[in-house]
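Everything on this sheet refers to the single structure shown next.
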Amino acid sequence: MDNTELDSTQFTILGLTGSGKTCYLLGMYKKMAAGMKGFSLTTDSDTDVNLRRRYRRMEDQSLGINRFPAGTDQPDSYSFTLSHAMESIMSFDWIDYPGGALDEQTSGNLEAFNKLESHIQNSSSLFICVDGELINGDDCDEIAENIKDKCSGIINNFLKRYKDKNKFLPPTAIVVTKCDMCQELEDDEWEEILREAFSPILAEGNDKCNRFVCCIPVSLGSEISSNGYKGILKPRNLELPIYMGIYFSTMCKAICLRKKMEFYKKQLNSLRNETQKEENSFFIWRDNEKIAKNKEMEDIYRKLEKEITENFVSVLADNSRLSEVLNKKVEMIFFNGKRQETFENTADDFIEKTPEFLNKWQSKNEKS
Ligand SMILES: Nc1nc2c(ncn2[C@@H]2O[C@H](COP(=O)(O)OP(=O)(O)OP(=O)(O)O)[C@@H](O)[C@H]2O)c(=O)[nH]1
Ligand SMILES: [Mg+2]
């Protein structure tokens, strides 16, 4: 299957300058290109060489702080394919941009701003990048204020515009980068900080606009910053936001396939009934040509139904592999501001209650 036949989706990571977007991309690609639990990422060979080269530099402990990429100076687009056991599942687009572009509408580079805005508006999942360094201090309120100042204050505007344009909010992961730099917090302190820093998307009491939000701490390595950034590179959790985005998209695909399966089953049944009626009719009136035509059509529908069923079963299997990891590793999940127990049930609930989300996926991917 070439990439043009694959279902495709789009993710955007929203984060200000220095919040860790480029490092996230490099680490995530390196980790997933090698394969994780049978899932792997591929891209074109130039991009592959480029991303690996930059990752190798980050591995060079002798460079200290200089091992990291320079700040991004222009938006770059990437296209990845996710496979399981070498079978392509879905492709997704990614944009890496200078964090300053989030603020450019007022300060100048309107073209970069518009490109980014359009990428965001067309994304099926959003990742909000919170710099883990901000999560330090004696007081949860102060930490939340700091996050508002340096992150959520600007990002809320993008979410609001998404909601106004699309009439729903996409599944969103608050990705806490550099979590090796966060101070240790109890679960209830994390929740308090998130609720205050992201109050518009985590407020309870509004079930009109469904909001799926989870929090995923990620890091390039627990010791990376020690001894002047000469610590070992050992990425953690970088695959989880991608798994989350893919889970939502493949779930939409599964629902569409189930609908198609039901459609062909119905068509097949009504054809069979029609044929049987004809076959049972008095031989003088029996239309043998119609019977032959119907049987031909039955064969076509049977073949299609079989193909779709096989595809459906394989999508569900991919999904259950993803949800197994996500259920285990994603602990902080909210639906319409209420804390939830498991990823899978909450994600499925969101899709069921948000037809606009499914419609958007369908209009992007259903060609016929
Ligand atoms: N301790 C630690 N530091 C990190 C980690 N990831 C990134 N950093 C640091 O954060 C800096 C900024 O990361 P970038 O990925 O360049 O940030 P960005 O969001 O792409 O920034 P712009 O390109 O300017 O928008 C890096 O140079 C590293 O010093 C991490 O996991 N742990
Ligand atoms: Mg960057």
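All residue names refer to the structure tokens as shown: chains lettered A, B, ... in order, residues numbered from 1 in each chain, ligands numbered from 1 in order.
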Members of stretch 195-348 of chain A assigned strand (DSSP E) by DSSP, as a tab-separated table (two decimals) with N, CA and C atoms, in the first residue's frame:
```tsv
chain	number	residue	atom	x	y	z
A	212	PHE	N	-11.86	16.02	26.01
A	212	PHE	CA	-11.01	14.93	26.49
A	212	PHE	C	-9.62	15.51	26.71
A	213	VAL	N	-9.14	15.45	27.94
A	213	VAL	CA	-7.81	15.99	28.24
A	213	VAL	C	-7.04	14.97	29.09
A	214	CYS	N	-5.79	14.74	28.75
A	214	CYS	CA	-4.96	13.92	29.66
A	214	CYS	C	-3.61	14.59	29.83
A	215	CYS	N	-2.87	14.15	30.81
A	215	CYS	CA	-1.56	14.75	31.06
A	215	CYS	C	-0.50	13.66	30.94
A	216	ILE	N	0.53	13.92	30.12
A	216	ILE	CA	1.58	12.92	29.90
A	216	ILE	C	2.95	13.56	30.17
A	217	PRO	N	3.59	13.20	31.28
A	217	PRO	CA	4.94	13.72	31.50
A	217	PRO	C	5.95	12.96	30.63
A	332	MET	N	-3.48	10.46	34.30
A	332	MET	CA	-4.30	11.63	34.61
A	332	MET	C	-5.18	11.96	33.41
A	333	ILE	N	-6.45	11.57	33.51
A	333	ILE	CA	-7.38	11.70	32.38
A	333	ILE	C	-8.63	12.44	32.85
A	334	PHE	N	-9.10	13.36	32.02
A	334	PHE	CA	-10.30	14.14	32.38
A	334	PHE	C	-11.29	14.10	31.22
A	335	PHE	N	-12.56	13.97	31.57
A	335	PHE	CA	-13.60	14.13	30.55
A	335	PHE	C	-14.56	15.21	31.05
A	338	LYS	N	-14.01	16.17	34.57
A	338	LYS	CA	-14.10	15.17	35.65
A	338	LYS	C	-12.98	14.16	35.48
A	339	ARG	N	-12.31	13.88	36.58
A	339	ARG	CA	-11.22	12.90	36.56
A	339	ARG	C	-11.76	11.52	36.23
A	340	GLN	N	-11.05	10.78	35.38
A	340	GLN	CA	-11.52	9.46	34.94
A	340	GLN	C	-10.51	8.38	35.29
```
Please provide the set of residues having any atom within 6 Å of A:Gly99, restricted to only C-alpha atoms, with same-chain residues fewer than 5 positions apart removed, written as a VMD selection string. chain A and resid 15 to 17
C-alpha atoms of the current selection, written as a short mmCIF file (atom, residue, chain, number, x, y, z; two decimals), in the first residue's frame:
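Contents of the output file out.cif:
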```
data_model
loop_
_atom_site.label_atom_id
_atom_site.label_comp_id
_atom_site.auth_asym_id
_atom_site.auth_seq_id
_atom_site.Cartn_x
_atom_site.Cartn_y
_atom_site.Cartn_z
CA GLY A 15 4.45 25.20 22.88
CA LEU A 16 6.34 28.43 23.35
CA THR A 17 10.00 28.88 22.55
#
```
Per residue of chain A within 6 Å of ligand 2, record the nearest atom pair and its distance in Å to one decimal, counting only C-alpha atoms and all ligand atoms, with rows in chain order and ascending residue number, as a Markdown table.
```
| residue | atom | partner | partner_atom_place_in_ligand_line | distance |
| --- | --- | --- | --- | --- |
| A:Lys21 | CA | ligand 2 | 1 (Mg) | 5.4 |
| A:Thr22 | CA | ligand 2 | 1 (Mg) | 4.1 |
| A:Gly71 | CA | ligand 2 | 1 (Mg) | 4.8 |
| A:Thr72 | CA | ligand 2 | 1 (Mg) | 4.0 |
| A:Pro98 | CA | ligand 2 | 1 (Mg) | 5.5 |
```
Any chance you can output those residues with C-alpha atoms as a PDB file, in the first residue's frame?
```
ATOM      1  CA  LYS A  21       9.134  20.730  20.911  1.00  0.00           C
ATOM      2  CA  THR A  22      12.120  19.963  18.680  1.00  0.00           C
ATOM      3  CA  GLY A  71      16.064  27.137  18.463  1.00  0.00           C
ATOM      4  CA  THR A  72      13.909  26.481  15.403  1.00  0.00           C
ATOM      5  CA  PRO A  98       9.600  28.387  16.286  1.00  0.00           C
TER       6      PRO A  98
END
```
Hey, which residues come within 9 Å of ligand 1 if we count only C-alpha atoms and all ligand atoms? Could you give them as a count of residues only? 52
Write out as number ranges by chain the residues lying within 12 Å of A:Glu189, counting only C-alpha atoms and excluding same-chain residues fewer than 3 positions away. A: 135-141, 143-144, 183-186, 192-196, 332
Requested write-out: N, CA and C atoms of the selected residues, as a PDB file, in the first residue's frame:
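And here's result19.pdb as it stands now:
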```
ATOM      1  N   ILE A 135       7.399  23.676  36.649  1.00  0.00           N
ATOM      2  CA  ILE A 135       6.726  23.002  37.764  1.00  0.00           C
ATOM      3  C   ILE A 135       7.704  22.852  38.930  1.00  0.00           C
ATOM      4  N   ASN A 136       8.007  23.977  39.500  1.00  0.00           N
ATOM      5  CA  ASN A 136       8.904  24.042  40.653  1.00  0.00           C
ATOM      6  C   ASN A 136       8.457  25.203  41.529  1.00  0.00           C
ATOM      7  N   GLY A 137       8.493  24.993  42.825  1.00  0.00           N
ATOM      8  CA  GLY A 137       8.104  26.079  43.737  1.00  0.00           C
ATOM      9  C   GLY A 137       7.394  25.505  44.941  1.00  0.00           C
ATOM     10  N   ASP A 138       7.141  26.399  45.933  1.00  0.00           N
ATOM     11  CA  ASP A 138       6.559  25.912  47.186  1.00  0.00           C
ATOM     12  C   ASP A 138       5.052  25.789  47.109  1.00  0.00           C
ATOM     13  N   ASP A 139       4.485  26.502  46.163  1.00  0.00           N
ATOM     14  CA  ASP A 139       3.063  26.699  46.243  1.00  0.00           C
ATOM     15  C   ASP A 139       2.398  26.350  44.900  1.00  0.00           C
ATOM     16  N   CYS A 140       1.365  25.490  44.948  1.00  0.00           N
ATOM     17  CA  CYS A 140       0.704  25.054  43.700  1.00  0.00           C
ATOM     18  C   CYS A 140       0.128  26.236  42.916  1.00  0.00           C
ATOM     19  N   ASP A 141      -0.438  27.231  43.649  1.00  0.00           N
ATOM     20  CA  ASP A 141      -1.026  28.399  42.969  1.00  0.00           C
ATOM     21  C   ASP A 141       0.026  29.158  42.175  1.00  0.00           C
ATOM     22  N   ILE A 143       2.855  27.982  40.979  1.00  0.00           N
ATOM     23  CA  ILE A 143       3.270  27.186  39.812  1.00  0.00           C
ATOM     24  C   ILE A 143       2.234  27.341  38.695  1.00  0.00           C
ATOM     25  N   ALA A 144       0.964  27.268  39.084  1.00  0.00           N
ATOM     26  CA  ALA A 144      -0.111  27.391  38.078  1.00  0.00           C
ATOM     27  C   ALA A 144      -0.054  28.763  37.408  1.00  0.00           C
ATOM     28  N   GLN A 183       9.620  19.289  40.076  1.00  0.00           N
ATOM     29  CA  GLN A 183       9.772  18.837  41.453  1.00  0.00           C
ATOM     30  C   GLN A 183       8.800  17.680  41.686  1.00  0.00           C
ATOM     31  N   GLU A 184       9.092  16.858  42.678  1.00  0.00           N
ATOM     32  CA  GLU A 184       8.197  15.727  42.933  1.00  0.00           C
ATOM     33  C   GLU A 184       6.900  16.215  43.544  1.00  0.00           C
ATOM     34  N   LEU A 185       5.792  15.729  42.992  1.00  0.00           N
ATOM     35  CA  LEU A 185       4.485  16.189  43.469  1.00  0.00           C
ATOM     36  C   LEU A 185       3.590  14.992  43.733  1.00  0.00           C
ATOM     37  N   GLU A 186       2.674  15.175  44.679  1.00  0.00           N
ATOM     38  CA  GLU A 186       1.649  14.150  44.899  1.00  0.00           C
ATOM     39  C   GLU A 186       0.615  14.274  43.785  1.00  0.00           C
ATOM     40  N   GLU A 192      -4.318  19.724  41.100  1.00  0.00           N
ATOM     41  CA  GLU A 192      -4.636  21.115  41.468  1.00  0.00           C
ATOM     42  C   GLU A 192      -3.949  22.100  40.500  1.00  0.00           C
ATOM     43  N   ILE A 193      -2.677  21.832  40.204  1.00  0.00           N
ATOM     44  CA  ILE A 193      -1.933  22.732  39.304  1.00  0.00           C
ATOM     45  C   ILE A 193      -2.551  22.727  37.904  1.00  0.00           C
ATOM     46  N   LEU A 194      -2.830  21.525  37.391  1.00  0.00           N
ATOM     47  CA  LEU A 194      -3.391  21.430  36.034  1.00  0.00           C
ATOM     48  C   LEU A 194      -4.747  22.123  35.956  1.00  0.00           C
ATOM     49  N   ARG A 195      -5.573  21.869  36.966  1.00  0.00           N
ATOM     50  CA  ARG A 195      -6.927  22.458  36.952  1.00  0.00           C
ATOM     51  C   ARG A 195      -6.870  23.978  36.926  1.00  0.00           C
ATOM     52  N   GLU A 196      -5.929  24.548  37.660  1.00  0.00           N
ATOM     53  CA  GLU A 196      -5.844  25.999  37.713  1.00  0.00           C
ATOM     54  C   GLU A 196      -5.177  26.550  36.444  1.00  0.00           C
ATOM     55  N   MET A 332      -3.484  10.457  34.305  1.00  0.00           N
ATOM     56  CA  MET A 332      -4.303  11.627  34.609  1.00  0.00           C
ATOM     57  C   MET A 332      -5.185  11.964  33.412  1.00  0.00           C
TER      58      MET A 332
END
```
Looking at A:Lys230, A:Glu191, A:Ala34, A:Ser45, which one is nearest to A:Glu59, with distances taken over only C-alpha atoms?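 With only C-alpha atoms as the atom set, the closest residue is A:Lys230.
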At a cut-off of 6 Å, using only C-alpha atoms, what residues contact stretch 237-240 of chain A? Leave out same-chain residues fewer than 2 positions from it and give the result as a PyMOL selection string. chain A and resi 28+218+242-243
For the structure I just gave you, how does DSSP split stretch 33-201 of chain A - specifically, which residues are helix (DSSP H, G or I)? Reply as a count of residues only. 91
Applying 6 Å and only C-alpha atoms, which residues near stretch 250-258 of chain A remain after dropping the ones on its own chain fewer than 3 positions away? List them as a PyMOL selection string. chain A and resi 246-247+261+312+358
